[in-house]
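Pasted below: data_14.txt, compact mmCIF, C-alpha atoms.
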# COMPACT_ATOMS: atom_id res chain seq x y z
CA MET A 1 -21.15 -23.32 -55.50
CA ALA A 2 -18.45 -23.91 -52.87
CA ARG A 3 -16.22 -21.34 -54.56
CA GLN A 4 -18.97 -18.76 -54.53
CA PHE A 5 -19.47 -19.39 -50.82
CA ASP A 6 -15.74 -18.78 -50.21
CA GLN A 7 -16.04 -15.49 -52.08
CA GLU A 8 -18.99 -14.52 -49.93
CA LEU A 9 -17.08 -15.33 -46.73
CA ASP A 10 -14.16 -13.25 -48.06
CA LYS A 11 -16.49 -10.34 -48.64
CA LEU A 12 -17.83 -10.72 -45.08
CA LYS A 13 -14.30 -10.60 -43.67
CA LYS A 14 -13.35 -7.59 -45.81
CA ASP A 15 -16.47 -5.71 -44.73
CA LEU A 16 -15.67 -6.39 -41.06
CA VAL A 17 -12.10 -5.11 -41.53
CA HIS A 18 -13.45 -2.00 -43.26
CA MET A 19 -15.93 -1.41 -40.42
CA ALA A 20 -13.13 -1.87 -37.86
CA LYS A 21 -11.02 0.70 -39.70
CA LEU A 22 -13.89 3.23 -39.58
CA ALA A 23 -14.31 2.61 -35.83
CA GLU A 24 -10.59 3.04 -35.24
CA VAL A 25 -10.50 6.32 -37.20
CA ALA A 26 -13.52 7.60 -35.25
CA VAL A 27 -11.83 6.93 -31.90
CA GLY A 28 -8.55 8.55 -33.02
CA LYS A 29 -10.32 11.67 -34.28
CA SER A 30 -12.53 11.97 -31.20
CA VAL A 31 -9.52 11.93 -28.85
CA ASP A 32 -7.69 14.44 -31.05
CA SER A 33 -10.75 16.70 -30.97
CA VAL A 34 -10.38 16.78 -27.16
CA ILE A 35 -6.59 17.17 -27.07
CA VAL A 36 -6.20 19.86 -29.76
CA ARG A 37 -9.63 21.36 -28.85
CA ASP A 38 -10.94 21.02 -32.43
CA SER A 39 -14.74 21.21 -32.44
CA ASP A 40 -14.98 20.77 -36.24
CA LEU A 41 -13.22 17.44 -35.89
CA ALA A 42 -15.64 16.47 -33.08
CA ARG A 43 -18.62 17.31 -35.28
CA GLU A 44 -17.11 15.21 -38.09
CA VAL A 45 -16.98 12.17 -35.76
CA ILE A 46 -20.64 12.68 -34.80
CA THR A 47 -21.77 13.07 -38.43
CA ASP A 48 -19.71 10.14 -39.74
CA ASP A 49 -21.15 7.70 -37.18
CA ILE A 50 -24.03 6.98 -39.57
CA ASN A 51 -21.57 5.14 -41.85
CA LEU A 52 -20.74 2.69 -39.06
CA ASN A 53 -24.43 2.16 -38.32
CA ARG A 54 -25.20 1.48 -41.97
CA LEU A 55 -22.31 -0.92 -42.32
CA GLU A 56 -23.44 -2.81 -39.20
CA LEU A 57 -26.89 -3.34 -40.69
CA ALA A 58 -25.47 -4.38 -44.08
CA ILE A 59 -23.04 -6.91 -42.58
CA ASP A 60 -25.74 -8.33 -40.28
CA GLU A 61 -28.08 -8.79 -43.24
CA HIS A 62 -25.34 -10.47 -45.25
CA SER A 63 -24.50 -12.81 -42.32
CA LEU A 64 -28.13 -13.83 -41.87
CA ARG A 65 -28.47 -14.48 -45.59
CA LEU A 66 -25.40 -16.71 -45.51
CA LEU A 67 -26.80 -18.63 -42.52
CA ALA A 68 -30.15 -19.14 -44.25
CA LEU A 69 -28.94 -20.00 -47.74
CA ARG A 70 -25.65 -21.79 -47.11
CA GLN A 71 -26.32 -23.60 -43.86
CA PRO A 72 -22.65 -23.53 -42.91
CA LEU A 73 -20.97 -25.81 -40.37
CA ALA A 74 -17.99 -25.76 -37.97
CA THR A 75 -15.54 -22.86 -38.56
CA ASP A 76 -17.76 -21.14 -41.12
CA LEU A 77 -20.76 -21.25 -38.78
CA ARG A 78 -18.63 -19.83 -35.97
CA LEU A 79 -17.24 -17.11 -38.25
CA ILE A 80 -20.68 -15.98 -39.37
CA THR A 81 -22.30 -16.00 -35.92
CA ALA A 82 -19.23 -14.21 -34.50
CA ALA A 83 -19.57 -11.61 -37.27
CA LEU A 84 -23.03 -10.80 -35.90
CA ARG A 85 -21.42 -10.07 -32.52
CA ILE A 86 -18.35 -8.25 -33.85
CA THR A 87 -20.45 -5.72 -35.79
CA THR A 88 -22.29 -4.90 -32.55
CA GLU A 89 -18.99 -4.36 -30.71
CA LEU A 90 -17.58 -2.17 -33.51
CA GLU A 91 -20.74 -0.11 -33.67
CA ARG A 92 -20.48 0.43 -29.90
CA ILE A 93 -16.84 1.48 -30.25
CA GLY A 94 -18.17 4.08 -32.71
CA ASP A 95 -20.76 5.16 -30.11
CA GLN A 96 -17.99 5.67 -27.55
CA ALA A 97 -16.14 7.85 -30.06
CA VAL A 98 -19.32 9.91 -30.50
CA ASN A 99 -19.59 10.27 -26.71
CA ILE A 100 -15.98 11.51 -26.54
CA ALA A 101 -16.65 13.96 -29.40
CA GLU A 102 -19.71 15.31 -27.56
CA ARG A 103 -17.57 15.88 -24.46
CA ALA A 104 -15.03 17.69 -26.69
CA LEU A 105 -17.76 20.10 -27.81
CA GLU A 106 -18.61 20.86 -24.16
CA LEU A 107 -14.97 21.18 -23.11
CA ASN A 108 -14.00 23.38 -26.05
CA SER A 109 -16.62 25.94 -25.04
CA SER A 110 -14.87 26.46 -21.66
CA PRO A 111 -11.29 27.52 -20.85
CA PRO A 112 -8.79 24.62 -20.77
CA VAL A 113 -7.83 22.88 -17.50
CA ASP A 114 -4.45 21.50 -16.44
CA LEU A 115 -4.79 17.75 -16.79
CA PRO A 116 -3.04 15.45 -14.30
CA ILE A 117 -3.31 12.53 -16.77
CA ASP A 118 -1.90 11.53 -20.18
CA LEU A 119 -5.07 11.10 -22.21
CA LYS A 120 -3.15 10.58 -25.45
CA ALA A 121 -1.21 7.63 -23.96
CA MET A 122 -4.41 5.97 -22.72
CA ALA A 123 -6.11 6.52 -26.10
CA GLU A 124 -3.09 4.97 -27.85
CA MET A 125 -3.37 1.88 -25.65
CA ALA A 126 -7.09 1.50 -26.37
CA LEU A 127 -6.58 2.08 -30.11
CA ASP A 128 -3.76 -0.43 -30.17
CA MET A 129 -6.11 -3.01 -28.64
CA VAL A 130 -8.73 -2.33 -31.33
CA ARG A 131 -6.04 -2.63 -34.04
CA THR A 132 -4.60 -5.84 -32.60
CA SER A 133 -8.02 -7.48 -32.25
CA ILE A 134 -8.70 -6.78 -35.91
CA GLN A 135 -5.25 -7.98 -36.94
CA ALA A 136 -5.98 -11.17 -34.97
CA PHE A 137 -9.19 -11.46 -36.99
CA VAL A 138 -7.47 -10.93 -40.36
CA GLN A 139 -4.67 -13.36 -39.55
CA GLN A 140 -7.03 -15.68 -37.65
CA ASP A 141 -4.40 -15.67 -34.90
CA PRO A 142 -5.68 -16.47 -31.40
CA ARG A 143 -2.27 -15.62 -29.86
CA LEU A 144 -2.72 -12.00 -30.94
CA ALA A 145 -6.24 -12.09 -29.55
CA ILE A 146 -4.97 -13.26 -26.17
CA GLN A 147 -2.46 -10.39 -26.21
CA VAL A 148 -5.49 -8.05 -26.28
CA CYS A 149 -6.92 -9.74 -23.17
CA HIS A 150 -3.63 -9.16 -21.35
CA ARG A 151 -3.57 -5.46 -22.26
CA ASP A 152 -7.10 -5.06 -20.93
CA VAL A 153 -5.75 -5.71 -17.43
CA GLU A 154 -3.15 -2.94 -17.90
CA ILE A 155 -5.71 -0.42 -19.11
CA ASP A 156 -8.00 -1.20 -16.15
CA ILE A 157 -5.13 -0.28 -13.79
CA LEU A 158 -4.51 2.95 -15.72
CA ASP A 159 -8.24 3.73 -15.61
CA ASP A 160 -8.29 3.46 -11.79
CA GLU A 161 -5.17 5.59 -11.45
CA TYR A 162 -6.47 8.33 -13.77
CA ILE A 163 -9.90 8.51 -12.11
CA GLN A 164 -8.23 8.88 -8.68
CA LYS A 165 -6.05 11.71 -10.02
CA LEU A 166 -9.02 13.51 -11.57
CA LEU A 167 -11.03 13.19 -8.33
CA SER A 168 -8.09 14.60 -6.31
CA GLU A 169 -7.97 17.56 -8.69
CA MET A 170 -11.73 18.08 -8.20
CA ILE A 171 -11.28 18.20 -4.42
CA LYS A 172 -8.52 20.81 -4.80
CA GLU A 173 -10.25 23.00 -7.42
CA SER A 174 -14.02 23.00 -7.01
CA ARG A 175 -14.46 25.45 -9.92
CA TRP A 176 -13.07 22.74 -12.22
CA VAL A 177 -15.52 20.01 -11.11
CA VAL A 178 -17.70 20.08 -14.22
CA ARG A 179 -14.79 20.13 -16.66
CA LEU A 180 -12.89 17.41 -14.82
CA HIS A 181 -16.06 15.32 -14.80
CA HIS A 182 -16.05 15.45 -18.61
CA PHE A 183 -12.52 14.01 -18.52
CA ILE A 184 -13.61 11.25 -16.11
CA ILE A 185 -16.27 10.26 -18.62
CA ILE A 186 -13.72 10.32 -21.47
CA VAL A 187 -11.39 8.04 -19.46
CA ARG A 188 -14.36 5.70 -18.89
CA ASN A 189 -15.17 5.77 -22.61
CA LEU A 190 -11.60 4.74 -23.44
CA GLU A 191 -11.75 1.96 -20.88
CA ARG A 192 -14.99 0.77 -22.48
CA ILE A 193 -13.40 0.81 -25.94
CA ALA A 194 -10.69 -1.47 -24.52
CA ASP A 195 -13.43 -3.76 -23.13
CA LEU A 196 -15.15 -3.90 -26.51
CA ALA A 197 -11.83 -4.73 -28.22
CA THR A 198 -11.43 -7.53 -25.66
CA ASN A 199 -14.88 -8.88 -26.55
CA ILE A 200 -13.82 -8.98 -30.21
CA ALA A 201 -10.61 -10.79 -29.24
CA GLU A 202 -12.68 -13.39 -27.34
CA ASP A 203 -14.82 -13.90 -30.43
CA ILE A 204 -11.70 -14.54 -32.52
CA VAL A 205 -10.43 -17.28 -30.21
CA PHE A 206 -13.89 -18.77 -30.55
CA ILE A 207 -13.88 -18.60 -34.37
CA VAL A 208 -10.43 -20.12 -34.75
CA GLU A 209 -10.33 -22.65 -31.94
CA GLY A 210 -14.01 -23.17 -31.11
CA ARG A 211 -12.93 -22.41 -27.53
CA VAL A 212 -15.03 -20.02 -25.43
CA ILE A 213 -12.69 -17.88 -23.30
CA LYS A 214 -15.35 -15.48 -22.05
CA HIS A 215 -15.46 -15.34 -18.23
CA ARG A 216 -12.29 -17.40 -18.02
CA CYS A 217 -9.65 -14.81 -17.25
CA GLU A 218 -7.44 -17.26 -15.36
CA GLU A 219 -7.19 -19.39 -18.50
CA TRP A 220 -6.06 -16.44 -20.68
CA MET A 221 -3.62 -15.34 -18.06
CA SER A 222 -1.94 -18.73 -18.02
CA THR A 223 -1.33 -18.39 -21.77
CA PRO A 224 1.86 -16.30 -22.03
CA PRO A 225 1.56 -13.05 -24.04
CA LEU A 226 3.54 -12.59 -27.25
CA THR A 227 6.79 -10.75 -26.66
CA MET B 228 -38.40 -34.40 -35.92
CA ALA B 229 -40.28 -31.12 -36.34
CA ARG B 230 -41.90 -31.59 -32.95
CA GLN B 231 -38.56 -32.16 -31.32
CA PHE B 232 -37.29 -28.94 -32.89
CA ASP B 233 -40.28 -27.06 -31.42
CA GLN B 234 -39.42 -28.47 -28.00
CA GLU B 235 -35.83 -27.34 -28.40
CA LEU B 236 -36.94 -23.82 -29.34
CA ASP B 237 -39.23 -23.82 -26.30
CA LYS B 238 -36.32 -24.76 -24.10
CA LEU B 239 -34.24 -21.95 -25.63
CA LYS B 240 -37.00 -19.44 -24.85
CA LYS B 241 -37.42 -20.74 -21.29
CA ASP B 242 -33.68 -20.55 -20.65
CA LEU B 243 -33.61 -16.95 -21.90
CA VAL B 244 -36.51 -16.03 -19.59
CA HIS B 245 -34.72 -17.70 -16.68
CA MET B 246 -31.50 -15.82 -17.46
CA ALA B 247 -33.45 -12.55 -17.68
CA LYS B 248 -35.00 -13.21 -14.27
CA LEU B 249 -31.53 -13.76 -12.75
CA ALA B 250 -30.29 -10.50 -14.28
CA GLU B 251 -33.36 -8.63 -12.97
CA VAL B 252 -32.87 -10.01 -9.45
CA ALA B 253 -29.18 -9.06 -9.53
CA VAL B 254 -29.99 -5.45 -10.45
CA GLY B 255 -32.71 -5.19 -7.77
CA LYS B 256 -30.42 -6.56 -5.07
CA SER B 257 -27.46 -4.39 -6.10
CA VAL B 258 -29.50 -1.20 -5.83
CA ASP B 259 -30.93 -2.33 -2.46
CA SER B 260 -27.39 -2.99 -1.24
CA VAL B 261 -26.63 0.69 -1.91
CA ILE B 262 -29.88 2.10 -0.51
CA VAL B 263 -30.06 0.06 2.71
CA ARG B 264 -26.23 -0.07 2.94
CA ASP B 265 -26.16 -3.88 3.08
CA SER B 266 -22.68 -5.17 2.18
CA ASP B 267 -23.69 -8.83 2.56
CA LEU B 268 -26.29 -8.33 -0.14
CA ALA B 269 -23.66 -6.65 -2.33
CA ARG B 270 -21.31 -9.62 -1.90
CA GLU B 271 -24.18 -11.96 -2.81
CA VAL B 272 -24.66 -10.14 -6.13
CA ILE B 273 -20.94 -10.42 -6.89
CA THR B 274 -20.80 -14.14 -6.04
CA ASP B 275 -24.01 -15.02 -7.90
CA ASP B 276 -22.82 -13.43 -11.15
CA ILE B 277 -21.15 -16.71 -12.09
CA ASN B 278 -24.62 -18.24 -12.61
CA LEU B 279 -25.41 -15.66 -15.28
CA ASN B 280 -22.07 -16.28 -16.98
CA ARG B 281 -22.63 -20.04 -17.02
CA LEU B 282 -26.15 -19.67 -18.37
CA GLU B 283 -24.88 -17.38 -21.15
CA LEU B 284 -22.37 -20.01 -22.29
CA ALA B 285 -24.95 -22.82 -22.08
CA ILE B 286 -27.58 -20.91 -24.09
CA ASP B 287 -24.99 -19.86 -26.70
CA GLU B 288 -23.87 -23.45 -27.12
CA HIS B 289 -27.47 -24.62 -27.47
CA SER B 290 -28.18 -21.90 -30.06
CA LEU B 291 -25.13 -22.82 -32.14
CA ARG B 292 -26.09 -26.49 -32.01
CA LEU B 293 -29.59 -25.65 -33.23
CA LEU B 294 -28.15 -23.57 -36.08
CA ALA B 295 -25.78 -26.38 -37.12
CA LEU B 296 -28.14 -29.34 -36.79
CA ARG B 297 -31.53 -27.87 -37.68
CA GLN B 298 -30.62 -25.28 -40.30
CA PRO B 299 -33.63 -23.13 -39.41
CA LEU B 300 -35.19 -20.49 -41.63
CA ALA B 301 -37.17 -17.24 -41.30
CA THR B 302 -38.57 -16.60 -37.78
CA ASP B 303 -36.70 -19.53 -36.22
CA LEU B 304 -33.40 -18.37 -37.68
CA ARG B 305 -34.04 -14.86 -36.41
CA LEU B 306 -35.02 -16.18 -32.97
CA ILE B 307 -31.85 -18.22 -32.61
CA THR B 308 -29.45 -15.56 -33.86
CA ALA B 309 -31.20 -12.99 -31.65
CA ALA B 310 -30.81 -15.36 -28.69
CA LEU B 311 -27.03 -15.14 -29.21
CA ARG B 312 -27.28 -11.38 -28.85
CA ILE B 313 -29.81 -11.34 -25.99
CA THR B 314 -27.60 -13.54 -23.80
CA THR B 315 -24.76 -11.04 -24.27
CA GLU B 316 -27.02 -8.15 -23.25
CA LEU B 317 -28.34 -10.02 -20.18
CA GLU B 318 -24.84 -10.97 -19.12
CA ARG B 319 -23.84 -7.31 -19.39
CA ILE B 320 -26.86 -6.28 -17.31
CA GLY B 321 -25.48 -8.69 -14.70
CA ASP B 322 -22.06 -7.00 -15.00
CA GLN B 323 -23.65 -3.62 -14.33
CA ALA B 324 -25.29 -5.07 -11.21
CA VAL B 325 -21.85 -6.29 -10.08
CA ASN B 326 -20.43 -2.80 -10.67
CA ILE B 327 -23.20 -1.29 -8.54
CA ALA B 328 -22.58 -3.87 -5.80
CA GLU B 329 -18.85 -3.02 -5.82
CA ARG B 330 -19.71 0.67 -5.39
CA ALA B 331 -22.01 -0.34 -2.49
CA LEU B 332 -19.06 -2.00 -0.74
CA GLU B 333 -17.01 1.21 -1.09
CA LEU B 334 -19.89 3.46 -0.02
CA ASN B 335 -20.83 1.31 2.97
CA SER B 336 -17.32 1.69 4.40
CA SER B 337 -17.77 5.51 4.61
CA PRO B 338 -20.41 7.59 6.41
CA PRO B 339 -23.63 8.15 4.38
CA VAL B 340 -24.14 11.31 2.32
CA ASP B 341 -27.35 13.29 1.75
CA LEU B 342 -28.41 12.38 -1.77
CA PRO B 343 -30.06 15.00 -3.98
CA ILE B 344 -31.50 12.25 -6.22
CA ASP B 345 -34.06 9.42 -6.00
CA LEU B 346 -31.93 6.40 -6.84
CA LYS B 347 -34.75 3.96 -6.05
CA ALA B 348 -37.04 5.63 -8.61
CA MET B 349 -34.39 5.51 -11.32
CA ALA B 350 -33.63 1.85 -10.53
CA GLU B 351 -37.36 1.05 -10.73
CA MET B 352 -37.53 2.63 -14.20
CA ALA B 353 -34.52 0.64 -15.44
CA LEU B 354 -35.84 -2.60 -13.90
CA ASP B 355 -39.23 -2.00 -15.44
CA MET B 356 -37.55 -1.70 -18.85
CA VAL B 357 -35.73 -5.01 -18.34
CA ARG B 358 -39.01 -6.68 -17.27
CA THR B 359 -40.98 -5.23 -20.18
CA SER B 360 -38.37 -6.27 -22.74
CA ILE B 361 -38.54 -9.84 -21.46
CA GLN B 362 -42.34 -9.76 -21.38
CA ALA B 363 -42.20 -8.57 -25.00
CA PHE B 364 -39.99 -11.56 -25.72
CA VAL B 365 -42.30 -14.07 -23.99
CA GLN B 366 -45.41 -12.67 -25.64
CA GLN B 367 -43.53 -11.98 -28.90
CA ASP B 368 -45.12 -8.53 -28.77
CA PRO B 369 -43.27 -5.79 -30.67
CA ARG B 370 -45.60 -3.11 -29.27
CA LEU B 371 -44.30 -3.80 -25.77
CA ALA B 372 -40.76 -3.70 -27.16
CA ILE B 373 -41.35 -0.26 -28.66
CA GLN B 374 -42.64 0.91 -25.26
CA VAL B 375 -39.17 0.10 -23.91
CA CYS B 376 -37.57 2.31 -26.58
CA HIS B 377 -39.83 5.19 -25.52
CA ARG B 378 -38.88 4.81 -21.86
CA ASP B 379 -35.19 4.92 -22.78
CA VAL B 380 -35.65 8.55 -23.80
CA GLU B 381 -37.18 9.33 -20.38
CA ILE B 382 -34.37 7.67 -18.47
CA ASP B 383 -31.75 9.55 -20.51
CA ILE B 384 -33.35 12.83 -19.38
CA LEU B 385 -33.35 11.64 -15.74
CA ASP B 386 -29.71 10.58 -16.08
CA ASP B 387 -28.68 14.10 -17.22
CA GLU B 388 -30.68 15.72 -14.43
CA TYR B 389 -29.22 13.46 -11.72
CA ILE B 390 -25.62 13.87 -12.88
CA GLN B 391 -26.04 17.68 -12.83
CA LYS B 392 -27.42 17.52 -9.28
CA LEU B 393 -24.57 15.30 -8.07
CA LEU B 394 -21.97 17.60 -9.66
CA SER B 395 -23.55 20.65 -7.99
CA GLU B 396 -23.33 18.86 -4.66
CA MET B 397 -19.65 18.08 -5.35
CA ILE B 398 -18.96 21.77 -5.95
CA LYS B 399 -20.66 22.68 -2.65
CA GLU B 400 -19.09 19.92 -0.50
CA SER B 401 -15.60 19.03 -1.67
CA ARG B 402 -15.17 16.47 1.15
CA TRP B 403 -18.00 14.46 -0.47
CA VAL B 404 -16.42 14.33 -3.95
CA VAL B 405 -15.31 10.69 -3.80
CA ARG B 406 -18.59 9.39 -2.38
CA LEU B 407 -20.70 11.43 -4.79
CA HIS B 408 -18.55 10.12 -7.63
CA HIS B 409 -19.59 6.58 -6.68
CA PHE B 410 -23.22 7.67 -7.05
CA ILE B 411 -22.50 9.23 -10.45
CA ILE B 412 -21.14 5.86 -11.57
CA ILE B 413 -24.22 4.07 -10.17
CA VAL B 414 -26.51 6.45 -12.07
CA ARG B 415 -24.49 5.69 -15.24
CA ASN B 416 -24.76 1.94 -14.56
CA LEU B 417 -28.55 2.26 -14.33
CA GLU B 418 -28.65 4.24 -17.54
CA ARG B 419 -26.59 1.51 -19.20
CA ILE B 420 -28.97 -1.17 -17.93
CA ALA B 421 -31.77 0.78 -19.62
CA ASP B 422 -29.71 0.87 -22.84
CA LEU B 423 -29.15 -2.87 -22.69
CA ALA B 424 -32.89 -3.45 -22.15
CA THR B 425 -33.48 -1.27 -25.22
CA ASN B 426 -31.09 -3.44 -27.26
CA ILE B 427 -33.10 -6.51 -26.22
CA ALA B 428 -36.31 -4.74 -27.24
CA GLU B 429 -34.81 -3.99 -30.66
CA ASP B 430 -33.92 -7.66 -31.05
CA ILE B 431 -37.52 -8.64 -30.31
CA VAL B 432 -38.94 -6.39 -33.02
CA PHE B 433 -36.43 -8.05 -35.32
CA ILE B 434 -37.46 -11.60 -34.29
CA VAL B 435 -41.18 -10.97 -34.67
CA GLU B 436 -41.32 -8.62 -37.63
CA GLY B 437 -37.95 -9.14 -39.32
CA ARG B 438 -37.66 -5.35 -39.11
CA VAL B 439 -34.39 -3.81 -37.96
CA ILE B 440 -35.15 -0.78 -35.78
CA LYS B 441 -31.60 -0.19 -34.55
CA HIS B 442 -30.39 3.34 -35.30
CA ARG B 443 -33.88 4.34 -36.37
CA CYS B 444 -35.16 6.26 -33.39
CA GLU B 445 -37.43 8.47 -35.48
CA GLU B 446 -39.24 5.38 -36.68
CA TRP B 447 -39.90 4.10 -33.16
CA MET B 448 -40.95 7.52 -32.03
CA SER B 449 -43.59 7.71 -34.74
CA THR B 450 -45.10 4.48 -33.39
CA PRO B 451 -47.33 5.58 -30.50
CA PRO B 452 -46.55 4.03 -27.09
CA LEU B 453 -49.06 1.74 -25.41
CA THR B 454 -51.21 3.61 -22.91

Written as structure tokens, how would this file's structure read?
Amino acid sequence: MARQFDQELDKLKKDLVHMAKLAEVAVGKSVDSVIVRDSDLAREVITDDINLNRLELAIDEHSLRLLALRQPLATDLRLITAALRITTELERIGDQAVNIAERALELNSSPPVDLPIDLKAMAEMALDMVRTSIQAFVQQDPRLAIQVCHRDVEIDILDDEYIQKLLSEMIKESRWVVRLHHFIIIVRNLERIADLATNIAEDIVFIVEGRVIKHRCEEWMSTPPLT
Amino acid sequence: MARQFDQELDKLKKDLVHMAKLAEVAVGKSVDSVIVRDSDLAREVITDDINLNRLELAIDEHSLRLLALRQPLATDLRLITAALRITTELERIGDQAVNIAERALELNSSPPVDLPIDLKAMAEMALDMVRTSIQAFVQQDPRLAIQVCHRDVEIDILDDEYIQKLLSEMIKESRWVVRLHHFIIIVRNLERIADLATNIAEDIVFIVEGRVIKHRCEEWMSTPPLT
């Protein structure tokens, strides 16, 4: 009985890692669809989102079944209730990728603009946060999770800087306003992906240590990042 | 023992309603701080957000304790796990109110602009969705919840229309770009509040009927709205 429960928890973890991988791929493709102006790739992201939605529902159902039938305690209880939150965050990361892909479709139907920002670099930072939060989950390593919280501060600074640059460009070139606005939304989407990765990281500290670090930035910041 | 459990569930429901009320007040005040250009009110919203954060942590802790000690089944299990999600949504509604209040502080330090949109009307729609989702929760009425899903479609249309109008204004008056951008973000914040209210509504259908309506828009749309 106990062994079967362990197997079920393993399956839950594997499903979450699989879902995270799908979300990560969706974000990567959506940003590429903007940068290389590939509308087919954008449409692929939009179509594939249904897989993330289905997986969310399946994992949620599995988690609820485990809660009802196994009545877990301590770490297991925290893992299963956190799973219910993590699926929501991953599904929303997928939604952000869809939003970026939709902007790509709009942008690709107009001539390109000269961008004053490095979208690829920002996307890499956000993707790295998603990857690290999932690695923290797999390795059950709260230090990795706290690293994600630290990077969220960096991406917030980049977000401000990029929005200012895009607004300055809008003031200079009023015929580019609509296209630059699409890029502002994409920058915001990436910043939101970073936020969602941070939420996942917070959940992992909670699973492993039973410590709630939500709303306690000062506490994370006093924990030194990994070097 | 059973009676005590009922009392604990009652307390959980009351705490959620109280948290929802705080979130609703925060949104109302934040929008007023923009419309009547009241920076003191904006600062109040920012300071008071800590109460929402604290309540989220307290309700989450209570929910986890109920799961561990009472090992609930069926409706009770769904109620408690949904409570864990609803607190997250309410806390994020509070965050959106803080974002709006921060924009108010920026806007109030510059001269006013002529707005081509009715921000008050949009805020009323979003607030009404938050109120209805909580009423659906109190009355455990999935029909009210589905009404919220219907309204989300309306607010999405308004969101598109308002963003287009603000962008047109930006093209006409380049010296207003930065201020109009703040209003674009406020419109987006209101649209997000509506989304978060819709998530709560979906959770309520799940609590009452055990039916997952997430990602199933067609299904909601085939259920007629209340008149």

Could I get the residues of chain B with an atom no further than 6 Å from an atom of chain A, each paired with its nearest atom pair and that distance in Å to one decimal, using all atoms listed in the file, sorted by chain and residue number, as a Markdown table?
| residue | atom | partner | partner_atom | distance |
| --- | --- | --- | --- | --- |
| B:Ala295 | CA | A:Leu73 | CA | 5.8 |
| B:Gln298 | CA | A:Gln71 | CA | 5.8 |
| B:Leu300 | CA | A:Ala68 | CA | 5.8 |
| B:Ile398 | CA | A:Ser174 | CA | 5.2 |
| B:Ser401 | CA | A:Ile171 | CA | 5.2 |

*Restricting the calculation to only C-alpha atoms, which member of B:Ala269, B:Val258, B:Met356, B:Leu407 is positioned closest to Val340 (chain B)?*
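Checking each of B:Ala269, B:Val258, B:Met356, B:Leu407 against Val340 (chain B), counting only C-alpha atoms, the winner is B:Leu407.
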
*Which of B:Ile384, B:Val414, B:Ala421, B:Ala250 sits closest to Glu318 (chain B) [using only C-alpha atoms]*: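 Using only C-alpha atoms, the shortest distance to Glu318 (chain B) belongs to B:Ala250.
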
*Can you tell me how far CA of Val261 (chain B) sits from CA of Ala331 (chain B), in Å to one decimal?*
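CA of Val261 (chain B) sits 4.8 Å away from CA of Ala331 (chain B).
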
So that each row is one residue of region 49-126 of chain A with an atom at most 10 Å from region 131-136 of chain A, can you give its shortest atom pair and the distance in Å to one decimal, using only C-alpha atoms, rows by chain and rising number, as JSON lines?
{"residue": "A:Ile86", "atom": "CA", "partner": "A:Ile134", "partner_atom": "CA", "distance": 10.0}
{"residue": "A:Met125", "atom": "CA", "partner": "A:Arg131", "partner_atom": "CA", "distance": 9.9}
{"residue": "A:Ala126", "atom": "CA", "partner": "A:Arg131", "partner_atom": "CA", "distance": 8.8}

*Using only C-alpha atoms, pick whichever of A:Glu161, A:Asp152, A:Asp38, A:Asp60 has the shortest atom-to-atom distance to Leu107 (chain A).*
A:Asp38

*Measuring atom to atom with all atoms listed in the file, identify which of A:Thr47, A:Ser30, A:Ser39, A:Ser109 is nearest to Ala97 (chain A).*
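Using all atoms listed in the file, the shortest distance to Ala97 (chain A) belongs to A:Ser30.
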
_Two-atom distance - CA of Val325 (chain B), CA of Asn416 (chain B) (Å)_ =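 CA of Asn416 (chain B) lies 9.8 Å from CA of Val325 (chain B).
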
*In Å, rounded to a single decimal, give me how far CA of Ile344 (chain B) is from CA of Leu385 (chain B).*
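Calculated distance between CA of Leu385 (chain B) and CA of Ile344 (chain B) is 9.7 Å.
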
_Which residue is closest to Leu127 (chain A)? Choose from A:Ala2, A:Ile80, A:Ile193, A:Leu22 and count all atoms listed in the file._
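Once distances to Leu127 (chain A) are computed over all atoms listed in the file, the minimum belongs to A:Ile193.
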
_Contacts of Pro343 (chain B) within 9 Å, all atoms listed in the file, excl. fewer than 3 positions in-chain, as JSON, numbers by chain_ = {"B": [389, 392, 393, 396]}

*Find, counting only C-alpha atoms, the residue in B:Leu346, B:Val244, B:Asp303, B:Glu329 that gets nearest to Gln366 (chain B).*
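Counting only C-alpha atoms, the residue closest to Gln366 (chain B) is B:Val244.
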
_For Phe137 (chain A), find every residue with an atom within 10 Å (counting all atoms listed in the file), except residues of its own chain fewer than 3 positions away, and show them as a list in words._
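My list of contacting residues is Lys13, Leu16, Val17, Leu79, Arg131, Thr132, Ser133, Ile134, Gln140, Asp141, Pro142, Leu144, Ala145, Ile200, Ala201, Asp203, Ile204, Val205, Ile207 and Val208 of chain A.
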